[in-house]
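Undergrad: So that you have it, the file is start-v2.cif, and it contains mmCIF, C-alpha atoms:
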data_my_file
loop_
_atom_site.group_PDB
_atom_site.id
_atom_site.type_symbol
_atom_site.label_atom_id
_atom_site.label_comp_id
_atom_site.auth_asym_id
_atom_site.auth_seq_id
_atom_site.Cartn_x
_atom_site.Cartn_y
_atom_site.Cartn_z
ATOM 1 C CA MET U 1 -16.749 -8.255 -2.352
ATOM 2 C CA PRO U 2 -19.891 -10.322 -1.638
ATOM 3 C CA LEU U 3 -19.616 -12.768 1.251
ATOM 4 C CA ASN U 4 -21.691 -15.180 -0.804
ATOM 5 C CA TYR U 5 -18.839 -15.845 -3.237
ATOM 6 C CA PHE U 6 -16.875 -17.580 -0.499
ATOM 7 C CA LEU U 7 -19.892 -19.319 0.988
ATOM 8 C CA VAL U 8 -21.065 -20.777 -2.332
ATOM 9 C CA LEU U 9 -17.526 -21.898 -3.194
ATOM 10 C CA ALA U 10 -17.335 -23.628 0.197
ATOM 11 C CA ALA U 11 -20.749 -25.215 -0.383
ATOM 12 C CA PHE U 12 -19.528 -26.523 -3.749
ATOM 13 C CA LEU U 13 -16.399 -28.033 -2.185
ATOM 14 C CA PHE U 14 -18.502 -29.600 0.569
ATOM 15 C CA CYS U 15 -20.922 -31.203 -1.901
ATOM 16 C CA THR U 16 -18.062 -32.477 -4.042
ATOM 17 C CA GLY U 17 -16.586 -34.075 -0.930
ATOM 18 C CA ALA U 18 -19.949 -35.580 -0.036
ATOM 19 C CA TYR U 19 -20.191 -37.054 -3.538
ATOM 20 C CA GLY U 20 -16.715 -38.532 -3.133
ATOM 21 C CA VAL U 21 -17.565 -40.112 0.220
ATOM 22 C CA MET U 22 -20.662 -41.736 -1.280
ATOM 23 C CA ALA U 23 -19.309 -42.795 -4.675
ATOM 24 C CA ARG U 24 -15.717 -43.888 -3.995
ATOM 25 C CA ARG U 25 -14.823 -47.462 -3.154
ATOM 26 C CA ASN U 26 -11.128 -47.036 -2.335
ATOM 27 C CA ALA U 27 -10.689 -46.128 1.355
ATOM 28 C CA VAL U 28 -7.858 -43.640 0.774
ATOM 29 C CA LEU U 29 -10.010 -41.731 -1.719
ATOM 30 C CA VAL U 30 -12.878 -41.602 0.784
ATOM 31 C CA LEU U 31 -10.506 -40.037 3.321
ATOM 32 C CA MET U 32 -9.439 -37.474 0.699
ATOM 33 C CA SER U 33 -13.084 -36.554 0.119
ATOM 34 C CA ILE U 34 -13.537 -36.060 3.878
ATOM 35 C CA GLU U 35 -10.569 -33.661 3.789
ATOM 36 C CA LEU U 36 -12.326 -31.705 1.020
ATOM 37 C CA MET U 37 -15.367 -31.301 3.268
ATOM 38 C CA LEU U 38 -13.258 -30.166 6.249
ATOM 39 C CA ASN U 39 -11.489 -27.676 3.998
ATOM 40 C CA ALA U 40 -14.829 -26.214 2.916
ATOM 41 C CA VAL U 41 -15.704 -25.667 6.574
ATOM 42 C CA ASN U 42 -12.397 -23.853 7.113
ATOM 43 C CA LEU U 43 -13.110 -21.549 4.187
ATOM 44 C CA ASN U 44 -16.486 -20.681 5.730
ATOM 45 C CA LEU U 45 -14.925 -20.003 9.134
ATOM 46 C CA VAL U 46 -12.256 -17.686 7.736
ATOM 47 C CA ALA U 47 -14.732 -15.862 5.478
ATOM 48 C CA PHE U 48 -17.042 -15.168 8.421
ATOM 49 C CA SER U 49 -14.075 -14.179 10.586
ATOM 50 C CA THR U 50 -13.114 -11.483 8.059
ATOM 51 C CA HIS U 51 -16.714 -10.446 7.498
ATOM 52 C CA LEU U 52 -17.503 -10.048 11.208
ATOM 53 C CA GLN U 53 -14.004 -8.694 12.008
ATOM 54 C CA ASN U 54 -13.620 -11.204 14.813
ATOM 55 C CA VAL U 55 -10.522 -13.363 15.202
ATOM 56 C CA SER U 56 -12.365 -16.342 16.747
ATOM 57 C CA GLY U 57 -13.198 -17.794 13.332
ATOM 58 C CA GLN U 58 -9.546 -18.009 12.401
ATOM 59 C CA VAL U 59 -8.684 -19.670 15.730
ATOM 60 C CA PHE U 60 -11.427 -22.223 15.092
ATOM 61 C CA ALA U 61 -10.053 -22.829 11.600
ATOM 62 C CA LEU U 62 -6.688 -23.616 13.203
ATOM 63 C CA PHE U 63 -8.352 -26.101 15.563
ATOM 64 C CA VAL U 64 -10.138 -27.732 12.616
ATOM 65 C CA ILE U 65 -6.824 -28.070 10.763
ATOM 66 C CA THR U 66 -5.276 -29.763 13.832
ATOM 67 C CA ILE U 67 -8.173 -32.162 14.189
ATOM 68 C CA ALA U 68 -8.057 -32.946 10.458
ATOM 69 C CA ALA U 69 -4.409 -33.923 10.843
ATOM 70 C CA ALA U 70 -5.216 -36.231 13.772
ATOM 71 C CA GLU U 71 -8.151 -37.704 11.862
ATOM 72 C CA VAL U 72 -6.032 -38.516 8.810
ATOM 73 C CA GLY U 73 -3.433 -40.216 10.990
ATOM 74 C CA ILE U 74 -5.989 -42.465 12.670
ATOM 75 C CA GLY U 75 -7.925 -42.970 9.412
ATOM 76 C CA LEU U 76 -4.886 -44.167 7.515
ATOM 77 C CA ALA U 77 -3.963 -46.512 10.376
ATOM 78 C CA ILE U 78 -7.444 -48.042 10.104
ATOM 79 C CA VAL U 79 -7.173 -48.264 6.301
ATOM 80 C CA LEU U 80 -3.826 -49.992 6.707
ATOM 81 C CA LEU U 81 -5.402 -52.491 9.122
ATOM 82 C CA ILE U 82 -8.239 -53.171 6.651
ATOM 83 C CA TYR U 83 -5.707 -53.697 3.881
ATOM 84 C CA ARG U 84 -3.630 -56.029 6.037
ATOM 85 C CA ASN U 85 -6.631 -58.167 6.985
ATOM 86 C CA LEU U 86 -8.568 -58.219 3.716
ATOM 87 C CA ARG U 87 -5.718 -57.783 1.184
ATOM 88 C CA SER U 88 -7.714 -54.991 -0.439
ATOM 89 C CA PRO U 89 -8.320 -51.280 0.296
ATOM 90 C CA ASP U 90 -11.897 -51.446 -1.019
ATOM 91 C CA LEU U 91 -14.551 -50.468 1.481
ATOM 92 C CA ASP U 92 -17.274 -52.747 0.101
ATOM 93 C CA GLN U 93 -15.129 -55.753 1.044
ATOM 94 C CA VAL U 94 -15.643 -54.833 4.690
ATOM 95 C CA GLU U 95 -18.776 -56.874 5.315
ATOM 96 C CA GLN U 96 -17.950 -59.128 8.270
ATOM 97 C CA LEU U 97 -20.808 -57.688 10.299
ATOM 98 C CA LYS U 98 -23.361 -58.390 7.550
ATOM 99 C CA GLY U 99 -25.844 -61.051 8.660
ATOM 100 C CA MET L 1 -11.632 -4.026 -5.407
ATOM 101 C CA TRP L 2 -12.069 -5.574 -8.853
ATOM 102 C CA ALA L 3 -8.540 -7.033 -8.718
ATOM 103 C CA GLN L 4 -9.603 -9.070 -5.679
ATOM 104 C CA GLU L 5 -12.702 -10.291 -7.488
ATOM 105 C CA VAL L 6 -10.666 -11.364 -10.518
ATOM 106 C CA ALA L 7 -8.212 -13.170 -8.249
ATOM 107 C CA PHE L 8 -11.099 -14.832 -6.415
ATOM 108 C CA TRP L 9 -12.659 -16.133 -9.616
ATOM 109 C CA ILE L 10 -9.400 -17.480 -11.024
ATOM 110 C CA ILE L 11 -8.623 -19.328 -7.779
ATOM 111 C CA ALA L 12 -12.231 -20.479 -7.356
ATOM 112 C CA VAL L 13 -12.399 -22.007 -10.849
ATOM 113 C CA ALA L 14 -9.086 -23.797 -10.269
ATOM 114 C CA MET L 15 -10.315 -25.106 -6.904
ATOM 115 C CA ALA L 16 -13.651 -26.295 -8.280
ATOM 116 C CA GLY L 17 -11.995 -28.095 -11.195
ATOM 117 C CA ALA L 18 -9.432 -29.722 -8.927
ATOM 118 C CA ALA L 19 -12.151 -30.772 -6.448
ATOM 119 C CA ILE L 20 -13.980 -32.539 -9.250
ATOM 120 C CA GLY L 21 -10.649 -34.086 -10.225
ATOM 121 C CA VAL L 22 -10.258 -35.490 -6.690
ATOM 122 C CA VAL L 23 -13.582 -37.316 -6.806
ATOM 123 C CA ARG L 24 -13.583 -38.327 -10.490
ATOM 124 C CA SER L 25 -9.948 -39.167 -11.240
ATOM 125 C CA SER L 26 -9.296 -42.794 -12.096
ATOM 126 C CA ASN L 27 -5.745 -42.632 -10.777
ATOM 127 C CA VAL L 28 -5.193 -42.423 -7.015
ATOM 128 C CA VAL L 29 -1.953 -40.449 -7.230
ATOM 129 C CA HIS L 30 -3.567 -37.901 -9.561
ATOM 130 C CA ALA L 31 -6.386 -37.505 -7.034
ATOM 131 C CA ALA L 32 -3.810 -36.712 -4.322
ATOM 132 C CA LEU L 33 -2.158 -34.133 -6.597
ATOM 133 C CA PHE L 34 -5.546 -32.541 -7.363
ATOM 134 C CA LEU L 35 -6.039 -32.347 -3.599
ATOM 135 C CA VAL L 36 -2.825 -30.280 -3.384
ATOM 136 C CA VAL L 37 -4.342 -27.802 -5.866
ATOM 137 C CA VAL L 38 -7.509 -27.496 -3.747
ATOM 138 C CA PHE L 39 -5.494 -26.912 -0.557
ATOM 139 C CA ALA L 40 -3.215 -24.358 -2.234
ATOM 140 C CA GLY L 41 -6.285 -22.578 -3.613
ATOM 141 C CA SER L 42 -7.750 -22.457 -0.112
ATOM 142 C CA ALA L 43 -4.522 -20.937 1.202
ATOM 143 C CA ALA L 44 -4.735 -18.309 -1.553
ATOM 144 C CA GLN L 45 -8.327 -17.525 -0.575
ATOM 145 C CA TYR L 46 -7.213 -17.083 3.055
ATOM 146 C CA ILE L 47 -4.583 -14.590 1.865
ATOM 147 C CA LEU L 48 -7.346 -12.777 -0.045
ATOM 148 C CA LEU L 49 -9.380 -12.740 3.174
ATOM 149 C CA LEU L 50 -6.356 -11.249 4.996
ATOM 150 C CA ALA L 51 -5.942 -14.331 7.211
ATOM 151 C CA GLU L 52 -2.200 -14.606 6.787
ATOM 152 C CA PHE L 53 -1.352 -16.982 9.638
ATOM 153 C CA VAL L 54 -4.113 -19.476 8.798
ATOM 154 C CA ALA L 55 -2.939 -19.472 5.175
ATOM 155 C CA TRP L 56 0.591 -20.502 6.115
ATOM 156 C CA VAL L 57 -0.624 -23.084 8.597
ATOM 157 C CA GLN L 58 -2.796 -24.452 5.763
ATOM 158 C CA VAL L 59 0.258 -24.734 3.497
ATOM 159 C CA LEU L 60 2.415 -26.338 6.196
ATOM 160 C CA ILE L 61 -0.065 -28.840 7.608
ATOM 161 C CA TYR L 62 -2.380 -29.677 4.723
ATOM 162 C CA ILE L 63 0.063 -29.621 1.817
ATOM 163 C CA GLY L 64 3.159 -30.462 3.839
ATOM 164 C CA ALA L 65 1.867 -33.143 6.176
ATOM 165 C CA ILE L 66 -1.567 -34.454 5.210
ATOM 166 C CA VAL L 67 -0.891 -34.961 1.501
ATOM 167 C CA VAL L 68 2.373 -36.720 2.316
ATOM 168 C CA LEU L 69 0.425 -39.006 4.688
ATOM 169 C CA PHE L 70 -2.018 -39.722 1.854
ATOM 170 C CA LEU L 71 0.816 -40.606 -0.505
ATOM 171 C CA PHE L 72 2.217 -42.978 2.143
ATOM 172 C CA GLY L 73 -1.250 -44.501 2.485
ATOM 173 C CA ILE L 74 -1.498 -44.985 -1.269
ATOM 174 C CA MET L 75 1.875 -46.707 -1.389
ATOM 175 C CA LEU L 76 1.246 -48.903 1.675
ATOM 176 C CA THR L 77 -2.124 -50.134 0.377
ATOM 177 C CA ARG L 78 -0.618 -50.748 -3.071
ATOM 178 C CA ALA L 79 -3.439 -48.860 -4.764
ATOM 179 C CA PRO L 80 -3.453 -49.257 -8.550
ATOM 180 C CA MET L 81 -1.170 -46.571 -9.979
ATOM 181 C CA ARG L 82 -2.381 -47.271 -13.508
ATOM 182 C CA GLU L 83 -5.635 -45.970 -14.928
ATOM 183 C CA GLU L 84 -8.320 -48.454 -13.997
ATOM 184 C CA SER L 85 -11.695 -46.919 -14.577
ATOM 185 C CA GLY L 86 -14.520 -48.315 -12.473
ATOM 186 C CA LYS L 87 -12.304 -50.049 -9.925
ATOM 187 C CA LEU L 88 -12.084 -47.010 -7.650
ATOM 188 C CA ASP L 89 -15.805 -46.182 -7.658
ATOM 189 C CA ASN L 90 -18.747 -48.227 -6.466
ATOM 190 C CA ASN L 91 -22.051 -48.522 -8.299
ATOM 191 C CA GLN L 92 -23.814 -45.657 -6.482
ATOM 192 C CA ARG L 93 -22.305 -42.945 -8.659
ATOM 193 C CA LEU L 94 -25.558 -41.739 -10.182
ATOM 194 C CA ALA L 95 -27.442 -41.651 -6.884
ATOM 195 C CA SER L 96 -24.512 -39.884 -5.168
ATOM 196 C CA GLY L 97 -24.388 -37.303 -7.943
ATOM 197 C CA VAL L 98 -28.098 -36.600 -7.561
ATOM 198 C CA VAL L 99 -27.771 -36.271 -3.768
ATOM 199 C CA ALA L 100 -24.718 -33.985 -4.036
ATOM 200 C CA LEU L 101 -26.386 -31.756 -6.655
ATOM 201 C CA PHE L 102 -29.543 -31.536 -4.551
ATOM 202 C CA LEU L 103 -27.502 -30.632 -1.458
ATOM 203 C CA PHE L 104 -25.610 -27.982 -3.416
ATOM 204 C CA GLY L 105 -28.822 -26.504 -4.753
ATOM 205 C CA VAL L 106 -30.459 -26.318 -1.338
ATOM 206 C CA LEU L 107 -27.333 -24.872 0.323
ATOM 207 C CA THR L 108 -26.866 -22.258 -2.411
ATOM 208 C CA MET L 109 -30.515 -21.264 -2.256
ATOM 209 C CA PHE L 110 -30.447 -20.729 1.496
ATOM 210 C CA LEU L 111 -27.043 -18.993 1.461
ATOM 211 C CA VAL L 112 -28.106 -16.558 -1.252
ATOM 212 C CA ASP L 113 -31.346 -15.968 0.605
ATOM 213 C CA ALA L 114 -29.640 -15.355 3.945
ATOM 214 C CA PHE L 115 -26.525 -13.369 2.972
ATOM 215 C CA HIS L 116 -27.377 -11.674 -0.329
ATOM 216 C CA GLY L 117 -26.671 -8.141 0.905
ATOM 217 C CA ASP L 118 -23.523 -8.833 2.927
ATOM 218 C CA ASP L 119 -20.178 -7.575 1.696
ATOM 219 C CA VAL L 120 -16.741 -8.477 2.998
ATOM 220 C CA LYS L 121 -15.114 -5.086 3.604
ATOM 221 C CA PHE L 122 -11.336 -5.135 3.568
ATOM 222 C CA LYS L 123 -9.859 -2.673 6.060
ATOM 223 C CA ASP L 124 -6.338 -2.092 7.319
ATOM 224 C CA SER L 125 -7.360 -3.253 10.795
ATOM 225 C CA LEU L 126 -8.059 -6.730 9.376
ATOM 226 C CA VAL L 127 -4.380 -7.178 8.486
ATOM 227 C CA THR L 128 -3.365 -6.839 12.134
ATOM 228 C CA MET L 129 -6.320 -9.043 13.134
ATOM 229 C CA GLY L 130 -5.048 -11.982 11.050
ATOM 230 C CA SER L 131 -1.445 -11.516 12.118
ATOM 231 C CA THR L 132 0.462 -14.177 14.038
ATOM 232 C CA ALA L 133 0.723 -11.980 17.155
ATOM 233 C CA ASN L 134 -3.002 -11.369 17.393
ATOM 234 C CA ILE L 135 -3.922 -15.019 16.782
ATOM 235 C CA GLY L 136 -1.361 -16.129 19.357
ATOM 236 C CA ASN L 137 -2.878 -13.724 21.874
ATOM 237 C CA SER L 138 -6.352 -15.048 21.142
ATOM 238 C CA ILE L 139 -5.326 -18.709 21.447
ATOM 239 C CA PHE L 140 -3.467 -18.222 24.723
ATOM 240 C CA HIS L 141 -5.975 -15.857 26.317
ATOM 241 C CA ASP L 142 -9.476 -16.857 25.240
ATOM 242 C CA TYR L 143 -8.912 -20.398 23.951
ATOM 243 C CA VAL L 144 -6.347 -21.868 26.359
ATOM 244 C CA ILE L 145 -8.577 -24.740 27.473
ATOM 245 C CA PRO L 146 -9.558 -25.831 23.922
ATOM 246 C CA PHE L 147 -5.870 -25.579 23.033
ATOM 247 C CA GLU L 148 -4.924 -27.947 25.857
ATOM 248 C CA VAL L 149 -7.768 -30.294 24.935
ATOM 249 C CA VAL L 150 -6.501 -30.369 21.342
ATOM 250 C CA SER L 151 -3.020 -31.242 22.578
ATOM 251 C CA MET L 152 -4.495 -34.160 24.533
ATOM 252 C CA LEU L 153 -6.423 -35.205 21.410
ATOM 253 C CA LEU L 154 -3.233 -35.185 19.354
ATOM 254 C CA LEU L 155 -1.488 -37.318 21.970
ATOM 255 C CA ALA L 156 -4.406 -39.778 21.980
ATOM 256 C CA ALA L 157 -4.382 -39.876 18.162
ATOM 257 C CA LEU L 158 -0.643 -40.543 18.182
ATOM 258 C CA VAL L 159 -0.952 -43.423 20.650
ATOM 259 C CA GLY L 160 -4.018 -44.751 18.826
ATOM 260 C CA ALA L 161 -2.336 -44.714 15.429
ATOM 261 C CA VAL L 162 0.696 -46.572 16.801
ATOM 262 C CA ALA L 163 -1.497 -49.109 18.610
ATOM 263 C CA LEU L 164 -3.594 -49.723 15.509
ATOM 264 C CA ALA L 165 -0.874 -49.944 12.909
ATOM 265 C CA ARG L 166 1.854 -51.916 14.656
ATOM 266 C CA ARG L 167 2.316 -55.557 13.867
ATOM 267 C CA ASP L 168 2.334 -57.990 16.754
#
Could the structure of this file be written out as structure tokens, please?
TA:
Amino acid sequence: MPLNYFLVLAAFLFCTGAYGVMARRNAVLVLMSIELMLNAVNLNLVAFSTHLQNVSGQVFALFVITIAAAEVGIGLAIVLLIYRNLRSPDLDQVEQLKG
Amino acid sequence: MWAQEVAFWIIAVAMAGAAIGVVRSSNVVHAALFLVVVFAGSAAQYILLLAEFVAWVQVLIYIGAIVVLFLFGIMLTRAPMREESGKLDNNQRLASGVVALFLFGVLTMFLVDAFHGDDVKFKDSLVTMGSTANIGNSIFHDYVIPFEVVSMLLLAALVGAVALARRD
């Protein structure tokens, strides 16, 4: 089975996530798009781990999953803080630093 | 071998469609449910790649924990549950689409160029490689220090999330 199948699928997921990060206004949806990108990276790591017959890729995928969990926890706390202060979860309302 | 390819294509089409659903859906809860489909598809691909332990960790943490966190986030920020087209996106949709398509084209071109002859060969030894015992050995022999660092990171994230979100 060609390795490229998995790599191109992961590239597609990554680009979809990148589109979501750029085009979404709602902060929760931006975080979801970031998760899509992290998931694409995991797919790459596991595909290369199987291809090269080396377990390190799978261990790294586990670390990425852990860090994604931590990142979502912190990210949602920040989103909650934005919502509490601005009464809106929209990211283009966050403009206090604009001159 | 062809059974694996058929399975790959079915899962891949479902994942691609659901990924587009995540970024294009006009309902936040639907986007979270599409995200579940993407994560479950990833877990199925890991099973196809004989990475059994990672697949179950994916199901437990991504589908079990992260999506639930997202649903809590949606409820706590009182995101519109009704269909409200345009409210969830900003006005850079066209430019973002162009950038994402360009990135996908460039990535695909280079990937096909670099790995066009490489095949994933499924052997019996790969099943023991992806097993829980072997991954546990690898984490606690070769990756003990990263493992401890990750535990510190999780602790810091826990404290940080509490410090950020609590009301004084």
Undergrad: On this structure, which residues satisfy the PyMOL selection byres ((chain U and resi 49) around 12), written as number ranges by chain?
TA: U: 3, 6, 42-48, 50-61; L: 46, 49-51, 54, 120-122, 126, 129-130, 135
Undergrad: For the selection just defined, write its residues with C-alpha atoms to a file, as a PDB file, in the frame of the given file.
TA:
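Contents of result.pdb, as written:
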ATOM      1  CA  LEU U   3     -19.616 -12.768   1.251  1.00  0.00           C
ATOM      2  CA  PHE U   6     -16.875 -17.580  -0.499  1.00  0.00           C
ATOM      3  CA  ASN U  42     -12.397 -23.853   7.113  1.00  0.00           C
ATOM      4  CA  LEU U  43     -13.110 -21.549   4.187  1.00  0.00           C
ATOM      5  CA  ASN U  44     -16.486 -20.681   5.730  1.00  0.00           C
ATOM      6  CA  LEU U  45     -14.925 -20.003   9.134  1.00  0.00           C
ATOM      7  CA  VAL U  46     -12.256 -17.686   7.736  1.00  0.00           C
ATOM      8  CA  ALA U  47     -14.732 -15.862   5.478  1.00  0.00           C
ATOM      9  CA  PHE U  48     -17.042 -15.168   8.421  1.00  0.00           C
ATOM     10  CA  THR U  50     -13.114 -11.483   8.059  1.00  0.00           C
ATOM     11  CA  HIS U  51     -16.714 -10.446   7.498  1.00  0.00           C
ATOM     12  CA  LEU U  52     -17.503 -10.048  11.208  1.00  0.00           C
ATOM     13  CA  GLN U  53     -14.004  -8.694  12.008  1.00  0.00           C
ATOM     14  CA  ASN U  54     -13.620 -11.204  14.813  1.00  0.00           C
ATOM     15  CA  VAL U  55     -10.522 -13.363  15.202  1.00  0.00           C
ATOM     16  CA  SER U  56     -12.365 -16.342  16.747  1.00  0.00           C
ATOM     17  CA  GLY U  57     -13.198 -17.794  13.332  1.00  0.00           C
ATOM     18  CA  GLN U  58      -9.546 -18.009  12.401  1.00  0.00           C
ATOM     19  CA  VAL U  59      -8.684 -19.670  15.730  1.00  0.00           C
ATOM     20  CA  PHE U  60     -11.427 -22.223  15.092  1.00  0.00           C
ATOM     21  CA  ALA U  61     -10.053 -22.829  11.600  1.00  0.00           C
TER      22      ALA U  61
ATOM     23  CA  TYR L  46      -7.213 -17.083   3.055  1.00  0.00           C
ATOM     24  CA  LEU L  49      -9.380 -12.740   3.174  1.00  0.00           C
ATOM     25  CA  LEU L  50      -6.356 -11.249   4.996  1.00  0.00           C
ATOM     26  CA  ALA L  51      -5.942 -14.331   7.211  1.00  0.00           C
ATOM     27  CA  VAL L  54      -4.113 -19.476   8.798  1.00  0.00           C
ATOM     28  CA  VAL L 120     -16.741  -8.477   2.998  1.00  0.00           C
ATOM     29  CA  LYS L 121     -15.114  -5.086   3.604  1.00  0.00           C
ATOM     30  CA  PHE L 122     -11.336  -5.135   3.568  1.00  0.00           C
ATOM     31  CA  LEU L 126      -8.059  -6.730   9.376  1.00  0.00           C
ATOM     32  CA  MET L 129      -6.320  -9.043  13.134  1.00  0.00           C
ATOM     33  CA  GLY L 130      -5.048 -11.982  11.050  1.00  0.00           C
ATOM     34  CA  ILE L 135      -3.922 -15.019  16.782  1.00  0.00           C
TER      35      ILE L 135
END
Undergrad: Calculated over all atoms listed in the file, which of the candidates U:Ile65, U:Leu91, U:Leu36, U:Ala27 has the smallest distance to Ala77 (chain U)?
TA: U:Ala27
Undergrad: Applied to this file, what does the PyMOL selection byres ((chain U and resi 80-90) around 12) return in terms of residues, put as a compact mmCIF listing (two decimals) with C-alpha atoms, in the frame of the given file?
TA:
# COMPACT_ATOMS: atom_id res chain seq x y z
CA ALA U 23 -19.31 -42.80 -4.68
CA ARG U 24 -15.72 -43.89 -4.00
CA ARG U 25 -14.82 -47.46 -3.15
CA ASN U 26 -11.13 -47.04 -2.34
CA ALA U 27 -10.69 -46.13 1.36
CA VAL U 28 -7.86 -43.64 0.77
CA LEU U 29 -10.01 -41.73 -1.72
CA VAL U 30 -12.88 -41.60 0.78
CA LEU U 31 -10.51 -40.04 3.32
CA VAL U 72 -6.03 -38.52 8.81
CA GLY U 73 -3.43 -40.22 10.99
CA ILE U 74 -5.99 -42.46 12.67
CA GLY U 75 -7.92 -42.97 9.41
CA LEU U 76 -4.89 -44.17 7.52
CA ALA U 77 -3.96 -46.51 10.38
CA ILE U 78 -7.44 -48.04 10.10
CA VAL U 79 -7.17 -48.26 6.30
CA LEU U 91 -14.55 -50.47 1.48
CA ASP U 92 -17.27 -52.75 0.10
CA GLN U 93 -15.13 -55.75 1.04
CA VAL U 94 -15.64 -54.83 4.69
CA GLU U 95 -18.78 -56.87 5.32
CA GLN U 96 -17.95 -59.13 8.27
CA VAL L 28 -5.19 -42.42 -7.02
CA LEU L 69 0.42 -39.01 4.69
CA PHE L 70 -2.02 -39.72 1.85
CA PHE L 72 2.22 -42.98 2.14
CA GLY L 73 -1.25 -44.50 2.48
CA ILE L 74 -1.50 -44.98 -1.27
CA MET L 75 1.88 -46.71 -1.39
CA LEU L 76 1.25 -48.90 1.68
CA THR L 77 -2.12 -50.13 0.38
CA ARG L 78 -0.62 -50.75 -3.07
CA ALA L 79 -3.44 -48.86 -4.76
CA PRO L 80 -3.45 -49.26 -8.55
CA LYS L 87 -12.30 -50.05 -9.93
CA LEU L 88 -12.08 -47.01 -7.65
CA ASP L 89 -15.80 -46.18 -7.66
CA ASN L 90 -18.75 -48.23 -6.47
CA ALA L 161 -2.34 -44.71 15.43
CA VAL L 162 0.70 -46.57 16.80
CA ALA L 163 -1.50 -49.11 18.61
CA LEU L 164 -3.59 -49.72 15.51
CA ALA L 165 -0.87 -49.94 12.91
CA ARG L 166 1.85 -51.92 14.66
CA ARG L 167 2.32 -55.56 13.87
Undergrad: Run the PyMOL selection byres ((chain U and resi 33) around 10) mentally over the shown coordinates, then write out the matched residues as a PDB file with C-alpha atoms, in the coordinates of the input, using the chain letters and numbers from the document.
TA:
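The new file selection_24.pdb reads:
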ATOM      1  CA  LEU U  13     -16.399 -28.033  -2.185  1.00  0.00           C
ATOM      2  CA  PHE U  14     -18.502 -29.600   0.569  1.00  0.00           C
ATOM      3  CA  CYS U  15     -20.922 -31.203  -1.901  1.00  0.00           C
ATOM      4  CA  THR U  16     -18.062 -32.477  -4.042  1.00  0.00           C
ATOM      5  CA  GLY U  17     -16.586 -34.075  -0.930  1.00  0.00           C
ATOM      6  CA  ALA U  18     -19.949 -35.580  -0.036  1.00  0.00           C
ATOM      7  CA  TYR U  19     -20.191 -37.054  -3.538  1.00  0.00           C
ATOM      8  CA  GLY U  20     -16.715 -38.532  -3.133  1.00  0.00           C
ATOM      9  CA  VAL U  21     -17.565 -40.112   0.220  1.00  0.00           C
ATOM     10  CA  MET U  22     -20.662 -41.736  -1.280  1.00  0.00           C
ATOM     11  CA  ARG U  24     -15.717 -43.888  -3.995  1.00  0.00           C
ATOM     12  CA  ALA U  27     -10.689 -46.128   1.355  1.00  0.00           C
ATOM     13  CA  VAL U  28      -7.858 -43.640   0.774  1.00  0.00           C
ATOM     14  CA  LEU U  29     -10.010 -41.731  -1.719  1.00  0.00           C
ATOM     15  CA  VAL U  30     -12.878 -41.602   0.784  1.00  0.00           C
ATOM     16  CA  LEU U  31     -10.506 -40.037   3.321  1.00  0.00           C
ATOM     17  CA  MET U  32      -9.439 -37.474   0.699  1.00  0.00           C
ATOM     18  CA  ILE U  34     -13.537 -36.060   3.878  1.00  0.00           C
ATOM     19  CA  GLU U  35     -10.569 -33.661   3.789  1.00  0.00           C
ATOM     20  CA  LEU U  36     -12.326 -31.705   1.020  1.00  0.00           C
ATOM     21  CA  MET U  37     -15.367 -31.301   3.268  1.00  0.00           C
ATOM     22  CA  LEU U  38     -13.258 -30.166   6.249  1.00  0.00           C
ATOM     23  CA  ASN U  39     -11.489 -27.676   3.998  1.00  0.00           C
TER      24      ASN U  39
ATOM     25  CA  ALA L  19     -12.151 -30.772  -6.448  1.00  0.00           C
ATOM     26  CA  VAL L  22     -10.258 -35.490  -6.690  1.00  0.00           C
ATOM     27  CA  VAL L  23     -13.582 -37.316  -6.806  1.00  0.00           C
ATOM     28  CA  ALA L  31      -6.386 -37.505  -7.034  1.00  0.00           C
ATOM     29  CA  LEU L  35      -6.039 -32.347  -3.599  1.00  0.00           C
TER      30      LEU L  35
END
Undergrad: What does the structure give for the distance between CA of Ala70 (chain U) and CA of Ala157 (chain L), in Å to one decimal?
TA: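 Going from CA of Ala70 (chain U) over to CA of Ala157 (chain L), I get 5.8 Å.
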Undergrad: At what distance in Å, to one decimal, does CA of Ala18 (chain L) lie from CA of Val38 (chain L)?
TA: 6.0 Å
Undergrad: When you look at Ile67 (chain U) with a cut-off of 9 Å (counting all atoms listed in the file), what residues show up, excluding the ones that are within fewer than 5 positions of it in the same chain? I need them as a PyMOL selection string.
TA: (chain U and resi 62+72) or (chain L and resi 150+153-154)
Undergrad: What gap, in Å, lies between CA of Thr66 (chain U) and CA of Ala156 (chain L)?
TA: 12.9 Å
Undergrad: Mind checking which residues fall within 12 Å of Val13 (chain L), counting only C-alpha atoms, ignoring those fewer than 2 positions away in the same chain, and posting them as JSON, numbers by chain?
TA: {"U": [5, 9, 12, 13], "L": [6, 7, 8, 9, 10, 11, 15, 16, 17, 18, 19, 20, 37, 38, 41, 42, 45]}
Undergrad: Kindly indicate which residue among L:Ser138, L:Ser131, L:Gln4, L:Ser151 lies nearest to Trp56 (chain L), using all atoms listed in the file for the distances.
TA: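 Looking at the shortest contact to Trp56 (chain L), the residue is L:Ser131.
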Undergrad: Determine the nearest neighbour of chain U from the options L:Ala133, L:Ile139, L:Leu33, L:Val106, counting all atoms listed in the file.
TA: L:Ile139
Undergrad: Pick out the closest residue to Asn134 (chain L) from this set: L:His116, L:Gln92, L:Phe53, L:Gly160. Count all atoms listed in the file.
TA: L:Phe53
Undergrad: Have a look at L:Gly21, L:Arg93, L:Gly105, L:Val159 and name the one nearest to chain U; count all atoms listed in the file.
TA: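 So, comparing all the options, the nearest one is L:Arg93.
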